[in-house]
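> Contents of run-v5.cif (mmCIF, C-alpha atoms):
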```
data_model
loop_
_atom_site.label_atom_id
_atom_site.label_comp_id
_atom_site.auth_asym_id
_atom_site.auth_seq_id
_atom_site.Cartn_x
_atom_site.Cartn_y
_atom_site.Cartn_z
CA MET A 2 131.60 88.45 205.29
CA THR A 3 127.90 88.23 204.59
CA LEU A 4 126.37 85.14 203.05
CA LEU A 5 125.27 87.12 200.00
CA TYR A 6 128.80 88.45 199.46
CA ALA A 7 130.24 84.94 199.75
CA PHE A 8 127.62 83.62 197.34
CA GLY A 9 128.57 86.29 194.82
CA LEU A 10 132.28 85.46 195.07
CA THR A 11 131.83 81.73 194.57
CA PRO A 12 130.92 81.69 190.84
CA ILE A 13 133.63 84.27 190.13
CA GLY A 14 136.16 82.10 191.92
CA LEU A 15 134.99 79.03 190.01
CA ILE A 16 135.44 80.78 186.69
CA TYR A 17 138.88 81.99 187.82
CA GLN A 18 139.93 78.45 188.73
CA LEU A 19 138.34 76.57 185.83
CA ARG A 20 138.42 79.26 183.14
CA ALA A 21 137.26 77.89 179.77
CA LYS A 22 136.33 74.54 181.31
CA THR A 23 133.20 76.18 182.74
CA PHE A 24 131.76 76.17 179.20
CA ILE A 25 131.22 72.45 179.71
CA ALA A 26 128.30 73.42 181.94
CA ILE A 27 126.46 75.20 179.12
CA PRO A 28 124.98 72.06 177.46
CA LEU A 29 123.85 70.80 180.86
CA CYS A 30 122.26 74.15 181.67
CA LEU A 31 120.46 74.06 178.32
CA LEU A 32 119.28 70.58 179.19
CA ALA A 33 117.87 71.96 182.44
CA VAL A 34 116.06 74.68 180.48
CA GLY A 35 114.58 72.00 178.23
CA PHE A 36 113.42 70.00 181.23
CA GLN A 37 111.71 72.99 182.82
CA TYR A 38 110.01 74.32 179.70
CA GLY A 39 109.25 70.94 178.15
CA LEU A 40 108.16 68.98 181.21
CA GLY A 41 107.64 71.66 183.83
CA ASP A 42 103.86 71.56 183.48
CA SER A 43 103.61 67.81 184.08
CA ILE A 44 102.73 67.67 187.77
CA ILE A 45 103.66 64.58 189.74
CA PHE A 46 102.13 65.68 193.05
CA GLY A 47 102.01 68.92 195.02
CA GLU A 48 104.83 71.24 193.98
CA TYR A 49 106.77 68.48 192.24
CA ASN A 50 106.79 68.29 188.45
CA VAL A 51 108.66 66.13 185.98
CA GLY A 52 110.93 68.91 184.72
CA GLY A 53 112.01 70.04 188.18
CA THR A 54 112.53 66.47 189.33
CA LEU A 55 114.76 65.71 186.35
CA CYS A 56 116.81 68.86 187.03
CA ASP A 57 117.23 67.84 190.66
CA ALA A 58 118.21 64.34 189.58
CA LEU A 59 120.85 65.82 187.26
CA VAL A 60 122.28 67.88 190.12
CA VAL A 61 122.39 64.87 192.42
CA LEU A 62 124.02 62.80 189.67
CA LEU A 63 126.78 65.37 189.14
CA LEU A 64 127.46 65.77 192.85
CA SER A 65 127.52 62.00 193.25
CA LEU A 66 130.05 61.77 190.42
CA ALA A 67 132.29 64.27 192.20
CA PHE A 68 132.00 62.24 195.39
CA VAL A 69 132.83 58.99 193.58
CA VAL A 70 135.98 60.50 192.03
CA ARG A 71 137.12 61.61 195.49
CA GLN A 72 136.77 58.04 196.72
CA LEU A 73 138.96 56.53 194.01
CA ASN A 74 142.19 54.92 195.17
CA VAL A 75 144.25 56.97 192.72
CA TYR A 76 142.78 60.17 194.19
CA LYS A 77 143.68 59.08 197.71
CA GLU A 78 147.17 58.01 196.66
CA LEU A 79 147.88 61.36 195.03
CA ARG A 80 146.53 63.17 198.07
CA ASP A 81 148.84 61.16 200.33
CA ASN A 82 151.77 61.90 198.02
CA LEU A 83 151.33 65.64 198.39
CA LYS A 84 150.14 65.82 201.98
CA GLU A 85 153.30 64.04 203.16
CA ARG A 86 155.49 66.70 201.45
CA PRO A 87 158.39 64.36 200.54
CA TRP A 88 160.38 67.31 199.19
CA CYS A 89 160.71 68.52 202.77
CA THR A 90 163.72 66.68 204.27
CA LYS A 91 166.55 67.49 206.65
CA GLU A 92 168.79 68.21 203.66
CA THR A 93 166.39 70.69 202.04
CA CYS A 94 165.04 72.55 205.08
CA ALA A 95 166.42 75.45 207.06
CA VAL A 96 164.91 77.46 209.89
CA SER A 97 167.45 80.26 209.61
CA ASN A 98 167.65 82.44 206.51
CA ASP A 99 171.45 82.35 206.71
CA ALA A 100 171.56 78.68 205.68
CA ILE A 101 169.46 79.01 202.52
CA SER A 102 172.28 79.53 200.03
CA ALA A 103 174.01 76.28 201.03
CA ILE A 104 170.99 74.12 200.12
CA GLU A 105 170.05 72.61 196.77
CA CYS A 106 166.48 73.09 195.59
CA PRO A 107 164.68 69.69 195.60
CA PHE A 108 162.54 70.67 192.61
CA SER A 109 165.10 72.13 190.21
CA GLY A 110 168.51 71.06 191.51
CA LEU A 111 169.59 74.69 191.48
CA GLY A 112 170.98 76.61 194.41
CA ALA A 113 168.24 77.72 196.77
CA SER A 114 167.49 81.40 197.19
CA MET A 115 164.15 81.38 199.04
CA ARG A 116 162.63 79.55 201.99
CA CYS A 117 159.06 78.30 202.18
CA PRO A 118 157.31 79.80 205.23
CA ASN A 119 155.18 76.69 205.59
CA CYS A 120 157.48 73.66 205.31
CA TYR A 121 160.81 75.56 205.56
CA THR A 122 162.08 73.94 202.35
CA CYS A 123 164.68 76.05 200.56
CA VAL A 124 163.98 76.38 196.85
CA ALA A 125 165.18 78.23 193.78
CA SER A 126 163.08 81.14 192.53
CA PRO A 127 161.39 79.17 189.66
CA ALA A 128 160.02 76.72 192.25
CA TYR A 129 158.61 79.45 194.48
CA HIS A 130 154.93 80.31 194.32
CA PHE A 131 153.97 83.94 194.73
CA GLU A 132 150.60 85.09 195.98
CA ASP A 133 147.87 85.19 193.33
CA ARG A 134 146.39 88.53 192.35
CA PHE A 135 142.88 87.77 193.66
CA HIS A 136 144.08 86.40 196.97
CA ALA A 137 143.16 89.56 198.88
CA VAL A 138 139.58 89.53 197.57
CA GLY A 139 137.24 87.99 200.11
CA LYS A 140 138.35 86.27 203.30
CA GLN A 141 141.55 84.33 203.99
CA TYR A 142 141.90 81.45 206.42
CA VAL A 143 144.97 80.23 208.31
CA VAL A 144 146.01 76.86 206.89
CA ASN A 145 148.07 75.39 209.74
CA TRP A 146 146.66 76.16 213.17
CA GLU A 147 148.22 72.99 214.55
CA ARG A 148 151.68 74.05 213.41
CA ALA A 149 151.18 77.42 215.08
CA LYS A 150 150.46 75.61 218.35
CA ASP A 151 153.55 73.45 217.90
CA VAL A 152 155.75 76.49 217.28
CA MET A 153 154.50 78.16 220.45
CA ARG A 154 155.01 75.00 222.47
CA THR A 155 158.43 73.87 221.21
CA SER A 156 160.31 77.05 220.34
CA LYS A 157 163.16 77.83 222.74
CA ASP A 158 164.45 81.03 221.17
CA PRO A 159 161.76 83.76 221.54
CA LYS A 160 162.93 85.69 218.47
CA ILE A 161 163.00 82.67 216.16
CA GLY A 162 159.76 81.41 217.68
CA ARG A 163 158.02 84.71 217.00
CA GLN A 164 159.35 84.77 213.44
CA LEU A 165 158.14 81.22 212.76
CA LEU A 166 154.78 81.92 214.39
CA ASP A 167 154.25 85.00 212.22
CA GLU A 168 155.12 82.98 209.12
CA VAL A 169 152.65 80.25 210.03
CA LEU A 170 149.84 82.71 210.77
CA ASP A 171 150.52 84.67 207.59
CA TYR A 172 150.31 81.49 205.51
CA ARG A 173 146.68 81.57 204.44
CA CYS A 174 144.31 80.39 201.75
CA ASN A 175 141.41 82.06 200.02
CA PRO A 176 138.80 79.33 199.43
CA TYR A 177 136.64 81.45 197.14
CA PHE A 178 139.42 81.77 194.56
CA GLY A 179 141.45 78.71 195.58
CA THR A 180 144.59 80.76 196.20
CA ILE A 181 147.53 80.45 198.59
CA THR A 182 150.03 82.99 199.91
CA ASP A 183 153.76 82.86 199.11
CA CYS A 184 155.30 79.40 199.55
CA CYS A 185 157.19 76.70 197.67
CA ALA A 186 155.59 75.06 194.62
CA GLY A 187 154.90 71.86 196.55
CA CYS A 188 153.02 73.49 199.41
CA ALA A 189 151.19 75.74 196.96
CA LEU A 190 149.76 72.77 195.10
CA SER A 191 149.18 70.58 198.15
CA ASP A 192 147.37 73.21 200.22
CA ARG A 193 145.53 74.68 197.26
CA ASN A 194 144.22 71.29 196.15
CA TYR A 195 143.52 69.71 199.51
CA PHE A 196 142.60 72.74 201.59
CA ALA A 197 141.51 75.75 199.55
CA LEU A 198 139.83 73.86 196.70
CA ASP A 199 138.36 71.37 199.16
CA MET A 200 136.67 74.28 200.93
CA LEU A 201 135.54 75.72 197.60
CA LEU A 202 134.16 72.32 196.66
CA VAL A 203 132.09 72.09 199.85
CA ILE A 204 130.83 75.66 199.45
CA THR A 205 129.86 75.03 195.83
CA CYS A 206 128.13 71.76 196.66
CA VAL A 207 126.09 73.36 199.44
CA TYR A 208 125.04 76.29 197.26
CA SER A 209 124.03 73.92 194.47
CA LEU A 210 121.78 71.93 196.79
CA ILE A 211 120.29 75.09 198.30
CA LEU A 212 119.43 76.54 194.89
CA SER A 213 117.84 73.30 193.73
CA SER A 214 115.66 73.11 196.86
CA ILE A 215 114.46 76.74 196.94
CA PRO A 216 111.42 76.14 194.64
CA TYR A 217 110.18 73.50 197.10
CA VAL A 218 110.97 75.43 200.28
CA ILE A 219 109.32 78.73 199.32
CA PRO A 220 107.03 77.87 196.38
CA SER A 221 104.79 80.87 197.01
CA TYR A 222 107.67 83.25 196.26
CA ILE A 223 109.25 81.25 193.44
CA ASN A 224 106.23 80.51 191.30
CA SER A 225 107.23 81.73 187.84
CA LYS A 226 108.77 79.39 185.31
CA VAL A 227 111.56 81.86 184.55
CA ALA A 228 112.66 82.04 188.18
CA VAL A 229 112.55 78.27 188.60
CA THR A 230 114.52 77.79 185.39
CA VAL A 231 117.20 80.27 186.47
CA LEU A 232 117.57 78.48 189.80
CA SER A 233 117.81 75.12 188.05
CA CYS A 234 120.48 76.39 185.65
CA ALA A 235 122.49 77.93 188.49
CA SER A 236 122.27 74.70 190.47
CA VAL A 237 123.37 72.59 187.50
CA PHE A 238 126.22 75.00 186.78
CA LEU A 239 127.54 74.77 190.33
CA ALA A 240 127.18 70.98 190.38
CA THR A 241 129.13 70.74 187.11
CA CYS A 242 131.84 72.93 188.61
CA CYS A 243 132.07 70.52 191.54
CA VAL A 244 132.97 67.72 189.14
CA LEU A 245 135.48 69.93 187.31
CA ILE A 246 137.14 71.01 190.56
CA VAL A 247 137.63 67.39 191.63
CA LEU A 248 139.05 66.53 188.20
CA LYS A 249 141.40 69.51 188.36
CA ILE A 250 142.66 68.41 191.77
CA LEU A 251 143.24 64.91 190.43
CA CYS A 252 145.00 66.00 187.24
CA THR A 253 147.22 68.70 188.74
CA SER A 254 148.32 66.33 191.51
CA LEU A 255 149.22 63.65 188.99
CA TYR A 256 151.02 66.15 186.76
CA PHE A 257 153.05 67.41 189.71
CA CYS A 258 154.15 63.90 190.66
CA LYS A 259 155.19 63.16 187.07
CA ILE A 260 157.28 66.30 186.45
CA PHE A 261 159.36 65.65 189.58
CA PRO A 262 160.43 62.00 189.23
CA ASP A 263 163.43 62.50 191.54
CA ILE A 264 161.19 63.23 194.52
CA LYS A 265 160.32 60.02 196.34
CA PHE A 266 156.55 59.99 196.58
CA ARG A 267 154.96 57.17 198.55
CA HIS A 268 152.72 56.01 195.69
CA ASP A 269 153.80 55.65 192.09
CA VAL A 270 150.67 55.98 189.98
CA ASP A 271 150.90 53.65 187.00
CA LEU A 272 149.08 55.24 184.09
CA ASP A 273 148.79 51.90 182.30
CA GLU A 274 146.27 50.96 184.99
CA HIS A 275 144.38 54.25 184.65
CA TRP A 276 143.76 54.70 180.93
CA ALA A 277 141.15 57.39 181.56
CA LEU A 278 143.76 59.62 183.20
CA ARG A 279 145.89 59.51 180.05
CA LYS A 280 143.06 61.30 178.24
CA LEU A 281 141.87 63.42 181.13
CA VAL A 282 145.16 65.10 182.08
CA PRO A 283 145.83 66.54 178.58
CA PHE A 284 142.23 67.73 178.44
CA MET A 285 142.45 69.53 181.78
CA LEU A 286 146.04 70.82 181.57
CA GLY A 287 146.88 71.03 177.87
CA ARG A 288 150.02 69.95 176.01
CA LYS A 289 152.33 70.05 179.03
CA GLY A 290 150.01 67.63 180.77
CA ALA A 291 150.17 65.34 177.75
CA VAL A 292 153.97 65.36 177.89
CA ALA A 293 154.00 64.56 181.59
CA VAL A 294 151.81 61.48 181.23
CA ALA A 295 153.29 60.32 177.92
CA GLY A 296 154.10 56.68 177.39
CA SER A 297 157.07 55.08 175.66
CA SER A 298 156.23 55.51 171.98
CA LEU A 299 158.70 57.29 169.70
CA GLN A 300 156.54 60.39 169.47
CA ASN A 301 156.18 60.55 173.23
CA ARG A 302 159.93 60.11 173.74
CA ILE A 303 160.52 63.04 171.39
CA HIS A 304 158.10 65.13 173.42
CA ASN A 305 159.88 64.08 176.60
CA GLU A 306 163.24 65.15 175.19
CA LYS A 307 161.81 68.50 174.17
CA SER A 308 160.26 68.96 177.59
CA LYS A 309 163.71 68.87 179.18
CA PHE A 310 164.39 72.26 177.65
CA VAL A 311 161.23 73.76 179.15
CA SER A 312 162.00 75.75 182.27
CA LEU A 313 160.61 74.69 185.61
CA ALA A 314 158.61 77.89 185.90
CA SER A 315 156.97 77.17 182.55
CA LYS A 316 156.04 73.65 183.65
CA LEU A 317 154.51 74.89 186.87
CA LYS A 318 152.25 77.30 184.97
CA ALA A 319 150.11 74.34 183.96
CA LEU A 320 149.10 73.91 187.60
CA HIS A 321 147.41 77.31 187.84
#
```
Have the structure of the file written as structure tokens, please.


Amino acid sequence: MTLLYAFGLTPIGLIYQLRAKTFIAIPLCLLAVGFQYGLGDSIIFGEYNVGGTLCDALVVLLLSLAFVVRQLNVYKELRDNLKERPWCTKETCAVSNDAISAIECPFSGLGASMRCPNCYTCVASPAYHFEDRFHAVGKQYVVNWERAKDVMRTSKDPKIGRQLLDEVLDYRCNPYFGTITDCCAGCALSDRNYFALDMLLVITCVYSLILSSIPYVIPSYINSKVAVTVLSCASVFLATCCVLIVLKILCTSLYFCKIFPDIKFRHDVDLDEHWALRKLVPFMLGRKGAVAVAGSSLQNRIHNEKSKFVSLASKLKALH
């Protein structure tokens, strides 16, 4: 895949992942336009002007904010909760397809009918994630190379070993769209958030910094105010998307932990200690997110009772 092709896929993938949330970048892009046209003629020294410097400072500020969110304890706790895959236990896993029907789905409590090719957890169909429609666009990457090595090293039955190896190698992510192949709902969220979207975050961050530095690297080619303004807007847009991606990872992880209270996660995130999350999750995920993080007021208890009648598949839609 050429660099230009990858660069073209990145903003499309960001819009696919963030959807209407990308409109948040519009005021910041307009601010960048104001900086360039209002202060772009005020030269500091050399190729540096006040407008361009302020745009670069805005980009650095947004990227720094994304980095700070990733360093929060609550972010690390939620990441540990999902990376450990507590839904995957001896009682819920099966290597052979013949044993699936005898297992209870850890997410829904229903009888299992499918097996996750990644963690081997047997789940009911509402808790199974099917490949997204844009997954085949662009390049896919194998998620678990280490597991593939373990399968080759420890498998005693050649037929079962080959089957498991094929499943591991076929389990891939598309970082440009943040998508995952068929798997259980837990692996879908864990590997999408902390593998696919992590890669998309790095790609977006790098492109944002490259675009903001182009006017200083090749000033003889980028010497018109329109071109510089377009580059500044694109850089600010990508930097804003970096913040939104991190917030989406945080909110979807928290939502997932809250809608499955029977699964024993290592960390129990107390929302009373994180008042900002109580506002952020409903904003990022909508009404279902508000129900999941609701407190103990009468209105919230009513919402919680109503949410019991919402199917598992409907709840999981908020994570996409």

> One number please: CA of Gly110 in chain A to CA of His268 in chain A, in Å, one decimal.

22.2 Å

> What separation in Å, quoted to one decimal, exists between CA of Pro28 in chain A and CA of Tyr217 in chain A?

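Going from CA of Pro28 in chain A over to CA of Tyr217 in chain A, I get 24.6 Å.
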
> Considering all atoms listed in the file, state which residue in the set A:Arg20, A:Phe196, A:Leu232, A:Val143 is at the smallest distance from Ser213 in chain A.

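Answer, going by the shortest atom-to-atom distance: A:Leu232.
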
> Point out the residue among A:Cys94, A:Cys242, A:Ile13, A:Ala137 with the least atom-to-atom distance to Leu29 in chain A, counting all atoms listed in the file.

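Of all the options, A:Cys242 lies closest to Leu29 in chain A.
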
> Using the chain letters and numbers from this file, what does the PyMOL selection byres ((chain A and resi 188) around 10) select? Give the answer as an NGL selection string.

:A and (83-84 or 86 or 88-89 or 117-120 or 122 or 129-130 or 181-187 or 189-194)

> Enter the distance from CA of Pro107 in chain A to CA of Arg80 in chain A, in Å, rounded to one decimal.

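Those two atoms sit 19.4 Å apart.
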